[in-house]
Structures are given as structure tokens and as C-alpha cells.
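Student: Got a structure for you, questions after.
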Amino acid sequence: MLCERTIEMMGDVYAELVEQRETILKWARAEEESFRHTLTQGERLLADLVRRARTEGTSWISAEDAFRLHDTYGFPYELTKELLAGEGLAVDDQGFEELMERAREVARGGASAVAHGDGDHEKVMTFARSAGFETRFVGYEATEWETVIGALEPLDGRLLAKLEESPFYAEGGGQVSDTGVVETPSGRATVDGVYRLGDDQAVALRPLEGELGAGEAASAAVDRERRLATMANHTATHLLHAALRERLGTHVRQAGSYVGPDKLRFDFTHGERLSAADAAAIEERVNAWIVGNHPVRAVETTRDQAEAMGAMALFGEKYGDWVRMVDVEEVSRELCGGTHVGSTAEVGLFQIVAEGSSASNVRRIEALTGPAGIESFRTRAAEVRELARILRVPENEVVGAVQKLTEKMKELERRPRESGRELIASLAEPADEIGGVPVVTEVVDVPDARALRELSNDVRQALGEAAVVVLGSAEEGRVHLVANVSPPLVERGVRAGEIVGVAAKVVGGGGGGRDTMAQAGGRSPDKLPEAIAAARLAIERALS
């Protein structure tokens with residue numbers, strides 16, 4: 001393999017190539033296998049397009065089809081052209097390039113929303129140079145500062161300002177920029193964004209009242225609550241990085257991040273999905289460090305001294321000879337220019353909410369800390385309480401109750417189908433009464449959606465003039481749901497479409513229909529009992 005030869009040639013200079021040899025070879029083989037699969041799938045799809053062109057008597061493949069092969073399936077466009085040429089077919093080059101440019105514009109638009117106006121960068125640079133001084137960032141020491149507006153100029157409906165000293169953090173290193181307020185004797189404005197210009201910065205302002213002028217003394221105040229939440233998330237990324245390396249191995253390296261007040265997102269090099277045990281262990285380790293109340297200190301030192309102390313640097317980041325090292329005592333040391341809490345206890349708690357793939361051999365974790373983590377915990381606790389109420393069991397028995405329902409559903413699937421009359425009777429006779437109305441909410445074993453709809457009609461008629469029937473079935477990995485409501489009950493607020501919609505969300509699907517009859521589908525048969533329980537809860541609320 002080419003990577004083996006690279007390790008042989010460069011290992012003396014880059015020791016980590018030798019140290020991580022097995023990991024590198026493993027990932028290279030995975031990449032090769034993945035690309036082989038991409039080629040096989042792409043060739044099959046391209047063969048279908050060629051056959052269609054032959055059938056339709058055309059000599060070309062549409063730009064949309066070629067772009068779909070490239071964008072959705074990762075099949076190289078140049079290879080598409082080459083294989084089509086061998087079949088005597090062409091592709092709309094111009095149309096493909098237009099679609100590519102449209103995709104690039106969408107990507108750039110998403111980035112600019114985060115970077116706060118990348119298209120204005122040159123204007124901002126020119127403005128900063130013409131100001132004749134560099135802003136001194138004081139945001140590590142304080143979130144409020146008495147300063148002076150050294151320069152001011154309009155920019156796209158906003159004001160671009162250069163403060164002599166600024167407490168506002170400029171977006172960088174994955175951390176979002178601060179927001180806040182700048183106030184002078186003559187006016188007041190909100191901080192809409194902060195441009196990072198190397199070691200310098202400029203602040204985008206949106207006037208609130210009065211007018212601001214260059215040369216005026218100003219009070220600059222960071223949105224403290226937002227900053228504190230962001231600081232907690234940034235420190236948590238350092239703890240997460242350390243926990244990942246401890247649990248998974250030293251091949252783990254940061255490959256990107258987002259640090260904001262709402263959450264943290266951390267991309268890292270690793271070739272496999274985290275197991276449930278790994279995720280639980282990492283979350284537990286981070287929370288143990290939080291409870292341990294480890295001091296967090298920032299030290300400015302030389303690059304060589306920081307590396308000698310074991311500080312990690314991010315691959316691809318540029319550092320000068322003088323660096324800032326964030327030291328979480330007894331946990332980690334990383335080169336970092338972001339803002340951090342004073343001790344790990346200030347993070348509050350750490351909760352992993354998602355883990356998935358970001359790119360080839362790169363995983364992504366999203367997590368919550370502080371107030372957002374507490375709110376997530378409260379929401380989950382409320383959901384468990386609600387499930388316990390629906391299932392009529394104590395909260396600590398919810399999992400067991402759901403497992404029993406799942407087993408019951410599997411048993412129903414294995415059981416021979418009852419005759420029509422027997423099935424109708426078995427559903428109608430034990431019907432519950434809610435608000436004086438007979439209600440049936442059950443998982444049944446029927447062959448298809450049509451049979452489910454007919455069964456719901458038969459059961460409703462067997463129950464009398466006013467009744468509600470919700471039935472669900474599973475067939476070949478698909479879920480079918482039906483809600484059947486007697487017309488008089490619609491006036492009481494019981495609507496089939498709303499009920500079946502609630503159930504459909506649980507099984508990852510959707511549907512609809514009339515107030516008296518509605519159907520839906522879904523993709524999660526294992527959640528069918530939970531969906532039926534949700535429908536029952538909706539009926540109870542409507543009839544209460």
C-alpha cells in the first residue's frame with residue numbers, strides 16, 4: 001500500500017506515523033473498501049441510466065442524473081464522463097457545472113451565516129488598517145470594559161467599529177463570537193458580531209437608540225449569560241477530548257468543533273461507531289472530572305515550552321512562537337485561544353445527546369452542559385414520568401414494561417391469525433371506557449393496511465353508535481396505523497387525523513385523513529406499542 005511506503009519514508013521525521021501505523025493501515029483499508037463499494041454502486045446506477053437512454057433513444061445523460069451520482073453516491077464525475085464516452089453517450093457539462101456552483105453557493109451561504117459576513121471581509125480589513133491601531137482584547141480578564149470607539153463606519157445597514165479595548169471574543173477555534181452592548185453618552189447599540197483579523201478585531205453594531213460617534217468614550221458589556229454557557233461548553237470539549245483519548249486510544253485527535261452557548265459539537269479521528277458502553281464510559285469520565293472541581297488555568301508561554309509540558313496542538317492550526325495553553329489540572333493541556341471557566345465544577349454536568357459520522361474515519365459527538373444540560377435532563381425525566389403514567393407502572397419499571405409490550409407484540413406476530421369474527425369480538429368485548437366512550441387501542445396481526453382499516457370499521461360498529469378505535473400492525477419492517485372515530489365524538493374534540501398523527505410521530509412516519517377515519521405509516525415496528533400508548537393518551541386528553 002502507498003501509505004506503508006509513506007510511513008517508511010517519513011517515519012523518521014514524523015514519529016506519530018510509526019506510532020499509529022496499525023491505525024493508519026486500518027483506516028486506509030477501510031477507505032479503499034468504501035471507495036470500491038462506491039464504484040460498484042455507481043457503475044450499477046450508471047448502467048441503469050445507459051439502458052434508459054437506449055430505451056428512450058437519446059444520446060446523452062441529463063446533468064441532474066450525473067449530479068445525483070456525484071452528490072448523493074460519491075461517484076466521480078470524470079469517471080461518469082469516461083464510462084459514458086465508452087458507450088457513445090454524452091453528458092450536459094454546462095448543466096452539471098451549474099448544479100455544482102449552486103451547491104457551492106448553498107455551502108457558502110451556510111458558512112457565511114456562521115462566520116458573520118465572509119463577503120465583507122475585505123471591507124473590514126481595509127477599515128481596520130485605516131484605523132491606524134490594533135484593538136486590545138481584554139475579554140480574558142473581564143466581560144465589561146470602559147473603552148473608546150477609535151473608528152466607525154457604515155456597513156450594510158450596520159456600523160463597523162474599532163474599539164481601543166474590547167471584551168468581545170471574536171469567533172475562532174470553533175468558539176462563536178460574543179454578543180452584547182456598546183453604549184456611549186449619545187447612543188446605544190447591540191454587538192451583532194465580531195470579526196477576527198489575526199490578532200486584531202472589528203465589531204459589527206446594530207444601533208438601538210441615538211447615534212454613536214468616533215472618538216466617544218464607550219461602555220462595552222458582553223452578554224454574560226451567553227458567554228458563561230459558551231465557556232462551560234469550551235472547557236467541556238477539552239474534557240471530552242481527554243476522555244476519548246483515554247478510552248479509545250491516542251489516535252484520537254480533534255478534527256473540528258463548534259462551541260456555542262447552546263451546545264458543543266466535537267469531531268474526532270476514529271474509524272468506528274462508539275459502542276453504548278464506550279459512550280457511557282466517556283460521559284461518566286467527563287462528569288467525574290467535573291465533580292472533581294479541577295482548576296482550569298490559561299498560561300502564556302513559548303511554543304517549545306508548551307510542547308515540553310505535553311500540550312496538544314490542533315492539526316492544521318497555525319501557532320506563533322508565543323502561545324496560550326489551557327491547563328485543566330491533572331486532566332489535559334491544549335493550545336487554545338478560547339475562553340474557559342475557572343474550574344471544571346462550573347461546567348455543571350455533561351450529557352452526550354448524539355454520536356455519528358462526520359466524514360470518513362471522523363466521528364462527531366454533540367453534547368450539552370450547564371443550563372441546557374439541566375433542561376434536557378428535566379425533559380427526559382418528564383418523558384419517563386409520562387411513560388410510567390401511560391404504562392401504569394413506577395418510573396423505575398418503565399423499561400421492563402416496554403420490554404413486556406414488545407414481547408407481547410412479537411407473540412402476536414407469531415400467533416396464527418384469528419378468524420374475522422373471533423378477532424372483532426376479542427377486541428370489542430374488553431373495550432375500555434374513557435369519559436363514557438368505549439375505546440379500543442391495540443396492536444393486531446393483519447396482513448396489510450387495507451385489512452387494518454376494514455377491521456377498525458368492524459370493531460367500531462360492534463361497539464355501538466359512539467366509539468373510538470385505534471389499531472396498529474407491523475408488516476415487513478413497516479408500521480400501519482388507523483384511527484376510526486364515530487361522527488358524534490368529533491364534536492367532542494376527538495379527531496382521527498390528530499390521533500393517528502401523534503402515533504405516527506413515534507414510529508417515524510406520517511399520514512392523515514378525515515376527522516372520522518385516518519391512516520398513517522412508519523418505519524419503527526419496535527416502537528409500535530409506544531405509538532399505540534401515545535394515541536390512547538391523546539384520546540384521554542380529548543375526552544377529559
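By order of appearance in the C-alpha cells: chains A, B, ..., then residues from 1 within every chain, and ligands from 1 in the order shown.
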Skip segment 235-245 of chain A itself and residues of its chain fewer than 6 positions away, then list as a list of chain:residue names all residues within 8 Å of it, counting only C-alpha atoms.

Tutor: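 Neighbouring residues, sequence-local ones excluded: A:His251, A:Val252, A:Arg253, A:Gln254, A:Leu264, A:Phe266, A:Ile282, A:Arg285, A:Val286, A:Trp289, A:Val331, A:Ser332, A:Glu334, A:His340, A:Val341, A:Thr344, A:Val347, A:Phe350, A:Thr369.
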
Student: Leaving out segment 526-536 of chain A and any residue of its chain fewer than 3 positions from it, which residues lie within 8 Å of it when counting only C-alpha atoms, given as a ChimeraX atom specification?

Tutor: /A:390-391,402,405-406,409,441-443,470-474,479,499-500,502-507,539-540

Student: Produce a file of the selected residues containing C-alpha atoms, as an mmCIF file, in the first residue's frame.

Tutor:
```cif
data_model
loop_
_atom_site.group_PDB
_atom_site.id
_atom_site.type_symbol
_atom_site.label_atom_id
_atom_site.label_comp_id
_atom_site.auth_asym_id
_atom_site.auth_seq_id
_atom_site.Cartn_x
_atom_site.Cartn_y
_atom_site.Cartn_z
ATOM 1 C CA ILE A 390 -49.352 5.606 30.480
ATOM 2 C CA LEU A 391 -47.975 2.163 31.313
ATOM 3 C CA VAL A 402 -41.868 -1.609 27.473
ATOM 4 C CA LEU A 405 -45.131 -4.888 25.486
ATOM 5 C CA THR A 406 -42.512 -5.597 22.821
ATOM 6 C CA MET A 409 -46.231 -7.692 20.053
ATOM 7 C CA THR A 441 -56.287 0.830 21.271
ATOM 8 C CA GLU A 442 -54.478 -2.354 20.286
ATOM 9 C CA VAL A 443 -51.666 -3.908 18.250
ATOM 10 C CA VAL A 470 -57.023 2.850 17.088
ATOM 11 C CA LEU A 471 -55.232 -0.186 15.685
ATOM 12 C CA GLY A 472 -51.638 -0.770 14.665
ATOM 13 C CA SER A 473 -49.858 -3.600 12.857
ATOM 14 C CA ALA A 474 -46.361 -4.355 11.574
ATOM 15 C CA VAL A 479 -45.869 0.044 10.567
ATOM 16 C CA ILE A 499 -54.774 10.944 16.938
ATOM 17 C CA VAL A 500 -53.076 8.993 14.168
ATOM 18 C CA VAL A 502 -49.488 11.605 17.310
ATOM 19 C CA ALA A 503 -48.913 7.858 16.927
ATOM 20 C CA ALA A 504 -47.144 8.240 13.575
ATOM 21 C CA LYS A 505 -44.509 10.583 15.045
ATOM 22 C CA VAL A 506 -43.463 7.865 17.492
ATOM 23 C CA VAL A 507 -42.781 5.336 14.710
ATOM 24 C CA ILE A 539 -57.847 10.193 23.234
ATOM 25 C CA GLU A 540 -57.857 10.549 27.028
#
```

Student: Work out how far apart atom CA of Gly173 of chain A and atom CA of Val259 of chain A are and give it in Å to one decimal.

Tutor: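 Interatomic distance here is 8.6 Å.
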
Student: Identify all residues of segment 175-257 of chain A in strand (DSSP E or B) (DSSP on the backbone) and supply them as JSON, numbers by chain.

Tutor: {"A": [175, 180, 181, 182, 183, 184, 187, 188, 189, 190, 191, 192, 193, 194, 195, 196, 197, 200, 201, 202, 203, 204, 205, 206, 207, 208, 209, 210, 217, 218, 219, 220, 221, 222, 254, 255, 256, 257]}

Student: Taking the backbone alone, and naming residues the way the document does, which bits of segment 163-402 of chain A are helix (DSSP H, G or I) by DSSP, as number ranges by chain?

Tutor: A: 224-248, 276-291, 303-308, 344-347, 370-391, 395-402

Student: Near Arg333 of chain A, counting only C-alpha atoms, which residues have an atom at most 10 Å away, once you skip same-chain residues fewer than 2 positions from it, shown as a list of chain:residue names?

Tutor: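 So the residues in contact are A:His238, A:Leu239, A:Ala242, A:Val296, A:Arg297, A:Ala298, A:Ala306, A:Glu307, A:Met309, A:Gly310, A:Ala311, A:Met312, A:Ala313, A:Met325, A:Val326, A:Asp327, A:Val328, A:Glu329, A:Glu330, A:Val331, A:Leu335, A:Cys336.
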
Student: Report as a VMD selection string all protein, DNA and RNA residues lying within 10 Å of segment 176-188 of chain A, evaluated on only C-alpha atoms, omitting residues in the same chain fewer than 6 positions from it.

Tutor: chain A and resid 114 to 116 139 143 to 149 163 167 to 170 194 to 196 203 to 213 216 to 224 226 to 227 230 258 to 261 338
